[in-house]
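What follows is the content of model_12.txt, which has compact mmCIF, C-alpha atoms and all ligand atoms:
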```
# COMPACT_ATOMS: atom_id res chain seq x y z
CA MET A 244 35.43 -14.00 58.75
CA GLY A 245 33.16 -10.98 58.88
CA ALA A 246 30.65 -10.06 56.20
CA PHE A 247 32.96 -7.46 54.64
CA ASP A 248 36.22 -9.42 54.77
CA PHE A 249 36.43 -9.78 51.01
CA THR A 250 39.50 -11.49 49.61
CA HIS A 251 38.96 -11.11 45.84
CA ALA A 252 37.60 -8.56 43.39
CA LEU A 253 36.95 -8.84 39.67
CA LEU A 254 36.98 -5.63 37.63
CA ARG A 255 36.83 -4.77 33.95
CA SER A 256 38.82 -1.94 32.36
CA PRO A 257 36.63 0.78 30.90
CA ALA A 258 36.13 0.65 27.14
CA ARG A 259 36.85 3.80 25.11
CA THR A 260 33.12 3.68 24.28
CA VAL A 261 32.35 4.41 27.96
CA THR A 262 31.75 7.96 26.69
CA ASP A 263 28.50 6.54 25.23
CA GLY A 264 27.43 4.92 28.51
CA LEU A 265 23.75 5.03 29.45
CA ARG A 266 22.61 8.05 31.42
CA ASP A 267 19.41 9.68 32.60
CA GLY A 268 19.15 12.92 30.62
CA ASP A 269 20.93 14.27 27.57
CA HIS A 270 24.03 15.75 29.23
CA ALA A 271 27.55 15.02 27.98
CA GLY A 272 29.19 11.75 28.92
CA PRO A 273 32.50 11.33 30.72
CA ALA A 274 35.93 11.60 29.13
CA TYR A 275 37.53 8.19 28.66
CA ALA A 276 40.85 9.23 30.24
CA ASP A 277 39.09 10.50 33.35
CA VAL A 278 37.05 7.31 33.76
CA ALA A 279 40.28 5.33 33.34
CA ARG A 280 41.86 7.44 36.10
CA GLU A 281 38.92 6.88 38.46
CA HIS A 282 38.96 3.17 37.68
CA ALA A 283 42.69 2.94 38.39
CA ALA A 284 42.26 4.71 41.74
CA TYR A 285 39.47 2.29 42.64
CA ALA A 286 41.54 -0.77 41.72
CA ALA A 287 44.48 0.59 43.70
CA ALA A 288 42.29 1.17 46.77
CA LEU A 289 40.99 -2.41 46.70
CA LYS A 290 44.56 -3.71 46.40
CA ASP A 291 45.68 -1.47 49.28
CA LEU A 292 42.93 -2.96 51.39
CA GLY A 293 44.44 -6.40 50.78
CA LEU A 294 42.21 -7.86 48.06
CA VAL A 295 43.45 -9.91 45.13
CA VAL A 296 42.28 -7.71 42.24
CA GLU A 297 41.91 -9.04 38.70
CA VAL A 298 41.08 -6.67 35.86
CA LEU A 299 39.45 -8.09 32.73
CA PRO A 300 40.11 -6.53 29.31
CA PRO A 301 37.78 -3.81 28.00
CA LEU A 302 34.79 -4.62 25.80
CA GLU A 303 34.33 -1.88 23.23
CA ALA A 304 30.96 -3.30 22.11
CA TYR A 305 29.53 -2.62 25.57
CA PRO A 306 29.95 1.00 26.75
CA ASP A 307 28.74 0.21 30.29
CA SER A 308 30.72 -3.02 30.70
CA VAL A 309 33.11 -1.41 33.23
CA PHE A 310 30.18 -1.76 35.65
CA VAL A 311 30.71 -5.49 36.25
CA GLU A 312 28.38 -5.50 39.24
CA ASP A 313 25.31 -5.47 37.01
CA PRO A 314 25.53 -8.75 35.01
CA ALA A 315 26.35 -11.03 37.97
CA LEU A 316 26.18 -11.55 41.72
CA VAL A 317 28.93 -13.44 43.52
CA PHE A 318 29.49 -15.08 46.91
CA GLY A 319 32.31 -17.30 48.15
CA GLU A 320 29.98 -20.27 47.65
CA GLY A 321 29.09 -19.50 44.04
CA ALA A 322 28.06 -17.00 41.39
CA ILE A 323 24.73 -16.15 39.79
CA LEU A 324 24.46 -14.78 36.27
CA LEU A 325 21.87 -12.00 36.15
CA ASN A 326 20.25 -10.33 33.15
CA PRO A 327 20.58 -6.52 33.00
CA GLY A 328 17.38 -4.72 32.09
CA ALA A 329 18.90 -2.31 29.56
CA PRO A 330 19.00 -3.96 26.09
CA THR A 331 22.45 -2.51 25.36
CA ARG A 332 23.82 -4.34 28.40
CA ALA A 333 22.29 -7.80 27.87
CA GLY A 334 25.39 -9.12 26.06
CA GLU A 335 27.60 -8.42 29.08
CA VAL A 336 26.31 -11.63 30.70
CA GLY A 337 27.80 -13.85 28.00
CA GLU A 338 31.12 -12.03 28.42
CA ILE A 339 31.34 -12.42 32.19
CA ALA A 340 30.02 -16.03 32.24
CA PRO A 341 33.27 -17.80 31.20
CA GLU A 342 35.26 -15.63 33.63
CA LEU A 343 33.04 -16.72 36.51
CA ALA A 344 33.14 -20.35 35.38
CA GLN A 345 36.94 -20.20 35.77
CA ARG A 346 36.74 -18.81 39.28
CA PHE A 347 33.69 -20.44 40.92
CA ASP A 348 32.70 -24.10 41.38
CA HIS A 349 29.01 -23.22 41.08
CA VAL A 350 27.64 -20.74 38.54
CA LEU A 351 23.85 -20.47 38.52
CA SER A 352 21.71 -18.30 36.27
CA ILE A 353 18.43 -16.49 36.78
CA GLY A 354 17.35 -17.66 33.32
CA GLU A 355 14.34 -15.39 32.95
CA GLY A 356 13.29 -11.83 33.68
CA HIS A 357 15.69 -8.98 34.37
CA VAL A 358 17.88 -8.10 37.33
CA ASP A 359 20.73 -5.59 37.50
CA GLY A 360 23.28 -6.28 40.24
CA GLY A 361 22.98 -2.62 41.23
CA ASP A 362 19.53 -3.50 42.56
CA VAL A 363 20.86 -6.20 44.89
CA LEU A 364 21.94 -5.39 48.44
CA VAL A 365 23.55 -8.26 50.35
CA THR A 366 22.95 -7.93 54.09
CA PRO A 367 24.12 -10.44 56.69
CA SER A 368 20.66 -12.01 57.05
CA GLU A 369 19.11 -11.66 53.58
CA VAL A 370 19.57 -10.39 50.06
CA LEU A 371 17.34 -7.47 49.15
CA ILE A 372 16.30 -7.13 45.50
CA GLY A 373 14.95 -3.72 44.52
CA LEU A 374 12.35 -3.69 41.76
CA SER A 375 13.27 -0.83 39.43
CA ALA A 376 13.23 0.27 35.81
CA ARG A 377 15.94 -2.40 35.30
CA THR A 378 14.79 -5.20 37.62
CA ASP A 379 11.39 -6.85 37.21
CA ARG A 380 9.34 -9.27 39.32
CA LYS A 381 10.07 -12.22 37.06
CA GLY A 382 13.80 -11.66 37.40
CA ALA A 383 13.57 -11.02 41.14
CA ASN A 384 11.62 -14.27 41.66
CA ALA A 385 14.16 -16.17 39.57
CA LEU A 386 16.96 -14.64 41.62
CA ILE A 387 15.23 -15.62 44.88
CA ALA A 388 15.12 -19.22 43.59
CA ALA A 389 18.80 -19.11 42.58
CA LEU A 390 19.78 -17.65 45.96
CA ALA A 391 17.98 -20.52 47.69
CA GLY A 392 20.25 -22.84 45.68
CA LEU A 393 23.19 -21.16 47.41
CA GLY A 394 21.51 -21.36 50.82
CA ARG A 395 20.61 -17.66 50.91
CA LYS A 396 17.31 -15.91 51.44
CA GLY A 397 16.17 -13.22 49.00
CA ARG A 398 13.42 -10.65 49.42
CA MET A 399 11.85 -8.25 46.94
CA VAL A 400 11.60 -4.56 47.84
CA ALA A 401 10.83 -1.39 45.88
CA THR A 402 13.35 1.09 44.51
CA PRO A 403 11.94 4.61 44.81
CA PRO A 404 10.80 6.25 41.55
CA GLY A 405 13.54 8.29 39.91
CA VAL A 406 16.33 6.27 41.56
CA LEU A 407 18.22 4.17 38.97
CA HIS A 408 19.18 1.23 41.18
CA PHE A 409 18.28 0.21 44.73
CA LYS A 410 21.93 0.62 45.73
CA THR A 411 22.04 4.08 44.18
CA GLY A 412 20.23 4.87 47.43
CA CYS A 413 21.80 2.59 50.04
CA GLY A 414 24.95 0.78 51.13
CA MET A 415 26.02 -1.36 54.07
CA ILE A 416 28.07 0.45 56.73
CA ASP A 417 28.52 -2.45 59.15
CA GLU A 418 26.70 -5.68 59.94
CA GLU A 419 23.92 -3.80 61.76
CA THR A 420 23.74 -0.53 59.83
CA VAL A 421 22.79 0.57 56.34
CA ALA A 422 23.28 4.08 54.91
CA VAL A 423 20.11 5.25 53.16
CA ILE A 424 18.86 8.26 51.25
CA PRO A 425 15.81 9.88 52.89
CA GLU A 426 13.48 8.16 50.35
CA LEU A 427 14.60 4.77 51.71
CA ASP A 428 14.16 5.67 55.38
CA ASP A 429 11.37 3.13 55.71
CA ASP A 430 10.70 0.64 58.55
CA ASN A 431 9.51 -2.00 56.08
CA LEU A 432 12.62 -2.20 53.94
CA PHE A 433 15.67 -3.27 55.90
CA GLY A 434 14.41 -5.66 58.58
CA ARG A 435 16.34 -5.21 61.82
CA LEU A 436 19.11 -3.09 60.30
CA ARG A 437 19.63 0.36 61.76
CA ARG A 438 19.34 3.12 59.16
CA LEU A 439 21.85 5.95 58.91
CA VAL A 440 19.95 8.58 56.93
CA LEU A 441 22.18 10.69 54.71
CA PRO A 442 21.83 14.45 54.42
CA GLU A 443 19.60 15.57 51.55
CA ASP A 444 22.51 17.37 49.88
CA GLU A 445 24.79 14.29 49.97
CA LYS A 446 22.48 11.61 48.58
CA PRO A 447 25.00 10.36 45.96
CA ALA A 448 27.23 9.28 48.87
CA ALA A 449 24.84 6.36 49.51
CA ASN A 450 26.50 4.13 46.94
CA LEU A 451 29.40 3.50 49.29
CA LEU A 452 31.34 0.31 49.69
CA ARG A 453 32.46 -1.39 52.89
CA ILE A 454 35.68 -3.35 52.32
CA ARG A 455 37.14 -4.98 55.43
CA ASP A 456 37.49 -2.19 58.04
CA THR A 457 37.16 0.71 55.62
CA ILE A 458 34.30 2.48 53.87
CA LEU A 459 35.10 3.64 50.37
CA ILE A 460 33.01 6.70 49.60
CA GLY A 461 32.87 9.21 46.74
CA GLU A 462 34.83 12.45 47.13
CA GLY A 463 32.94 15.54 48.23
CA PHE A 464 30.66 14.20 50.95
CA PRO A 465 32.14 15.57 54.21
CA LYS A 466 28.95 15.29 56.29
CA THR A 467 28.47 11.63 55.44
CA ARG A 468 32.15 10.87 56.11
CA LYS A 469 31.84 12.48 59.51
CA LEU A 470 28.70 10.49 60.34
CA ILE A 471 30.55 7.29 59.50
CA GLU A 472 33.80 8.26 61.22
CA ASP A 473 31.81 9.16 64.34
CA MET A 474 30.84 5.47 64.39
CA GLY A 475 34.55 4.63 64.64
CA ILE A 476 34.83 3.42 61.03
CA GLU A 477 37.60 4.64 58.77
CA THR A 478 36.63 6.17 55.43
CA ARG A 479 38.59 6.70 52.25
CA ALA A 480 37.32 9.06 49.55
CA LEU A 481 37.69 8.14 45.89
CA PRO A 482 37.07 10.25 42.77
CA VAL A 483 33.76 9.42 41.11
CA SER A 484 32.73 12.63 39.36
CA GLU A 485 33.27 11.20 35.85
CA ILE A 486 31.44 7.90 36.32
CA ALA A 487 28.67 9.85 38.06
CA LYS A 488 27.97 11.41 34.63
CA ILE A 489 26.70 7.99 33.56
CA ASP A 490 24.84 7.32 36.80
CA ALA A 491 27.46 5.09 38.42
CA GLY A 492 29.06 4.93 41.85
CA LEU A 493 31.50 2.81 43.81
CA SER A 494 29.76 -0.54 44.15
CA CYS A 495 29.22 -1.01 40.42
CA MET A 496 32.89 -1.25 39.40
CA SER A 497 33.63 -4.63 41.02
CA LEU A 498 32.38 -8.07 41.92
CA ARG A 499 33.66 -8.92 45.39
CA TRP A 500 33.81 -12.15 47.34
CA GLN A 501 35.40 -14.05 50.21
CA ALA A 502 37.26 -17.09 48.97
CA ALA A 503 36.24 -20.22 50.84
CA GLY A 504 38.59 -21.49 53.55
C1 LIG A 601 23.77 2.10 33.42
O1 LIG A 601 22.89 2.95 33.30
O2 LIG A 601 23.56 0.89 33.37
C2 LIG A 601 25.18 2.59 33.66
N1 LIG A 601 25.40 3.82 32.96
C3 LIG A 601 25.46 2.78 35.13
C4 LIG A 601 25.40 1.49 35.89
C5 LIG A 601 25.71 1.66 37.33
N2 LIG A 601 25.62 0.40 37.97
C6 LIG A 601 25.51 0.22 39.27
O3 LIG A 601 25.41 1.17 40.01
N3 LIG A 601 25.46 -1.03 39.71
```

Here is the file; what I need is its structure written in the form of C-alpha cells.
Amino acid sequence: MGAFDFTHALLRSPARTVTDGLRDGDHAGPAYADVAREHAAYAAALKDLGLVVEVLPPLEAYPDSVFVEDPALVFGEGAILLNPGAPTRAGEVGEIAPELAQRFDHVLSIGEGHVDGGDVLVTPSEVLIGLSARTDRKGANALIAALAGLGRKGRMVATPPGVLHFKTGCGMIDEETVAVIPELDDDNLFGRLRRLVLPEDEKPAANLLRIRDTILIGEGFPKTRKLIEDMGIETRALPVSEIAKIDAGLSCMSLRWQAAG
C-alpha cells in the first residue's frame, strides 16, 4: 500500500464550546453550527474516499478537542500519545488515550515535554517535528525516542516564527513532493523531497491533506489547486473558513492510519 492509502480515521465532534477555541488575536470565534457543518463535510469526504470513519463524542470541557490531531500521532503499527503545549489542551490526552488503547496493539507515550500533532509531518522516509510555541525540544526528543520504538526515524526542524504549527505551513502532496509556504522553502528542511512553493496570497492552503489519490484542500485557493491538478492529482475543496477563525485547517480534524494487513 502507498503512503497515503489510509483505511481508518478517528474524529471527534466539535463541542459547543468550540466558540472559545484558542486563537492568535482577539477576533471573534466561529459559530458552533458552522463548525459542525464544516466537520460534517470533512467526515463525509473521508467516507467518500473509502475510509472507515469513527466520530467520538464532543468534550465540552475542551474547546479545541475537535482537533484530534494534536494530542496523538498514529500509524498502522501503533499510536503515540503526545502532550499539547497549550495548558487548556493538556487534558485531551487522557480523553483520547482509552480510545487509542481500544484500536491499537501498541500505545506509546512521549512522557515529558510538549508536542502538538500539528507540528508533526510524516514523510515516507522520516517524521519531521517542528519546534514551535507548542512543541519544545524535550518533547521532540521524547517523540524521536518513541518513534524509534515503532521503527521510525524522527528529526527536529524549526517552525518559522509567527506560524502556529509546522503543518500550518506544509503538507504532503505525493511521496516525493511537499507543499510549502515561502517561509519553508528551505533546502535544509525536507531532505530529498521536492518543494511545491505556494503563492504568497494562498498560504493557508498549505495545510492540505492527501488521502489515497485525492488532495483535500480548503476552499478558495484556485492557484494552489491548479498547481496540484497540473501534477495529475485530483483535488477536492472543503469549507474551512469557520475553523480558520481558530487557526485550524484540514489535517487537524482527524487521526488517520492504514490498518495492518
Ligand atoms: C489551537 O490553537 O490549538 C487550536 N485553536 C487550533 C489547532 C489546530 N491544530 C492543528 O492544526 N493540528

Within 6 Å of ligand LIG 601 (chain A) (only C-alpha atoms and all ligand atoms), residues as a PyMOL selection string = chain A and resi 264-266+307+310+312-313+360-361+489-492+495

Quick one: write out the picked residues with C-alpha atoms as an mmCIF file, in the frame of the given file?
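What landed in out-v3.cif:
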```
data_model
loop_
_atom_site.group_PDB
_atom_site.id
_atom_site.type_symbol
_atom_site.label_atom_id
_atom_site.label_comp_id
_atom_site.auth_asym_id
_atom_site.auth_seq_id
_atom_site.Cartn_x
_atom_site.Cartn_y
_atom_site.Cartn_z
ATOM 1 C CA GLY A 264 27.430 4.920 28.510
ATOM 2 C CA LEU A 265 23.750 5.030 29.450
ATOM 3 C CA ARG A 266 22.610 8.050 31.420
ATOM 4 C CA ASP A 307 28.740 0.210 30.290
ATOM 5 C CA PHE A 310 30.180 -1.760 35.650
ATOM 6 C CA GLU A 312 28.380 -5.500 39.240
ATOM 7 C CA ASP A 313 25.310 -5.470 37.010
ATOM 8 C CA GLY A 360 23.280 -6.280 40.240
ATOM 9 C CA GLY A 361 22.980 -2.620 41.230
ATOM 10 C CA ILE A 489 26.700 7.990 33.560
ATOM 11 C CA ASP A 490 24.840 7.320 36.800
ATOM 12 C CA ALA A 491 27.460 5.090 38.420
ATOM 13 C CA GLY A 492 29.060 4.930 41.850
ATOM 14 C CA CYS A 495 29.220 -1.010 40.420
#
```

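Using only C-alpha atoms, the shortest contact distance between Ile353 (chain A) and any of A:Pro482, A:Lys381, A:Gly373, A:Arg468 is found at A:Lys381.
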
Padded axis-aligned box of region 262-267 of chain A (4 Å per side), centre and edge lengths, Å, one decimal, as AutoDock Vina command-line options:
```
--center_x 25.6 --center_y 7.3 --center_z 28.9 --size_x 20.3 --size_y 12.8 --size_z 15.4
```

Name all residues at most 12 Å from Leu294 (chain A) (count only C-alpha atoms; drop same-chain ones fewer than 3 positions away) and give them as a list in words.
-> Phe247, Asp248, Phe249, Thr250, His251, Ala252, Leu253, Leu254, Tyr285, Ala286, Ala287, Ala288, Leu289, Lys290, Asp291, Glu297, Ile454, Arg455, Ser497, Leu498, Arg499, Trp500, Gln501 and Ala502 of chain A

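Across A:Glu477, A:Ser494, A:Met244, A:Val278, the tightest approach to Asp362 (chain A) is made by A:Ser494 when counting only C-alpha atoms.
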
Atomic distance CA of Gly245 (chain A) - CA of Arg395 (chain A), expressed in Å with one decimal = 16.3 Å

Pull the neighbourhood of (23.1, -4.2, 59.9) for me: all residues within 10 Å in file coordinates, counting all atoms listed in the file, as a VMD selection string.
-> chain A and resid 366 to 368 415 to 422 433 to 438

Atoms kept (C-alpha atoms) for selection, written as a PDB file, in the coordinates of the input:
```pdb
ATOM      1  CA  THR A 366      22.950  -7.930  54.090  1.00  0.00           C
ATOM      2  CA  PRO A 367      24.120 -10.440  56.690  1.00  0.00           C
ATOM      3  CA  SER A 368      20.660 -12.010  57.050  1.00  0.00           C
ATOM      4  CA  MET A 415      26.020  -1.360  54.070  1.00  0.00           C
ATOM      5  CA  ILE A 416      28.070   0.450  56.730  1.00  0.00           C
ATOM      6  CA  ASP A 417      28.520  -2.450  59.150  1.00  0.00           C
ATOM      7  CA  GLU A 418      26.700  -5.680  59.940  1.00  0.00           C
ATOM      8  CA  GLU A 419      23.920  -3.800  61.760  1.00  0.00           C
ATOM      9  CA  THR A 420      23.740  -0.530  59.830  1.00  0.00           C
ATOM     10  CA  VAL A 421      22.790   0.570  56.340  1.00  0.00           C
ATOM     11  CA  ALA A 422      23.280   4.080  54.910  1.00  0.00           C
ATOM     12  CA  PHE A 433      15.670  -3.270  55.900  1.00  0.00           C
ATOM     13  CA  GLY A 434      14.410  -5.660  58.580  1.00  0.00           C
ATOM     14  CA  ARG A 435      16.340  -5.210  61.820  1.00  0.00           C
ATOM     15  CA  LEU A 436      19.110  -3.090  60.300  1.00  0.00           C
ATOM     16  CA  ARG A 437      19.630   0.360  61.760  1.00  0.00           C
ATOM     17  CA  ARG A 438      19.340   3.120  59.160  1.00  0.00           C
TER      18      ARG A 438
END
```

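Of the listed residues A:Asp444, A:Ile476, A:Pro306, A:Pro404, the one whose atoms come nearest to Gly463 (chain A) is A:Asp444, with distances taken using all atoms listed in the file.
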
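Residues within 10 Å of region 271-277 of chain A, counting only C-alpha atoms and excluding same-chain residues fewer than 5 positions away, are Pro257, Ala258, Arg259, Thr260, Val261, Thr262, Asp263, Gly264, Leu265, Arg266, His282, Ala283, Pro482, Val483, Ser484, Glu485, Ile486, Ala487, Lys488 and Ile489 of chain A.
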
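In this structure, CA of His349 (chain A) sits 4.8 Å away from CA of Gly321 (chain A).
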
Ala448 (chain A) environment, 7 Å, only C-alpha atoms, sequence neighbours closer than 3 positions dropped, as an MDAnalysis selection string = chainID A and resid 445 451 460:461 464
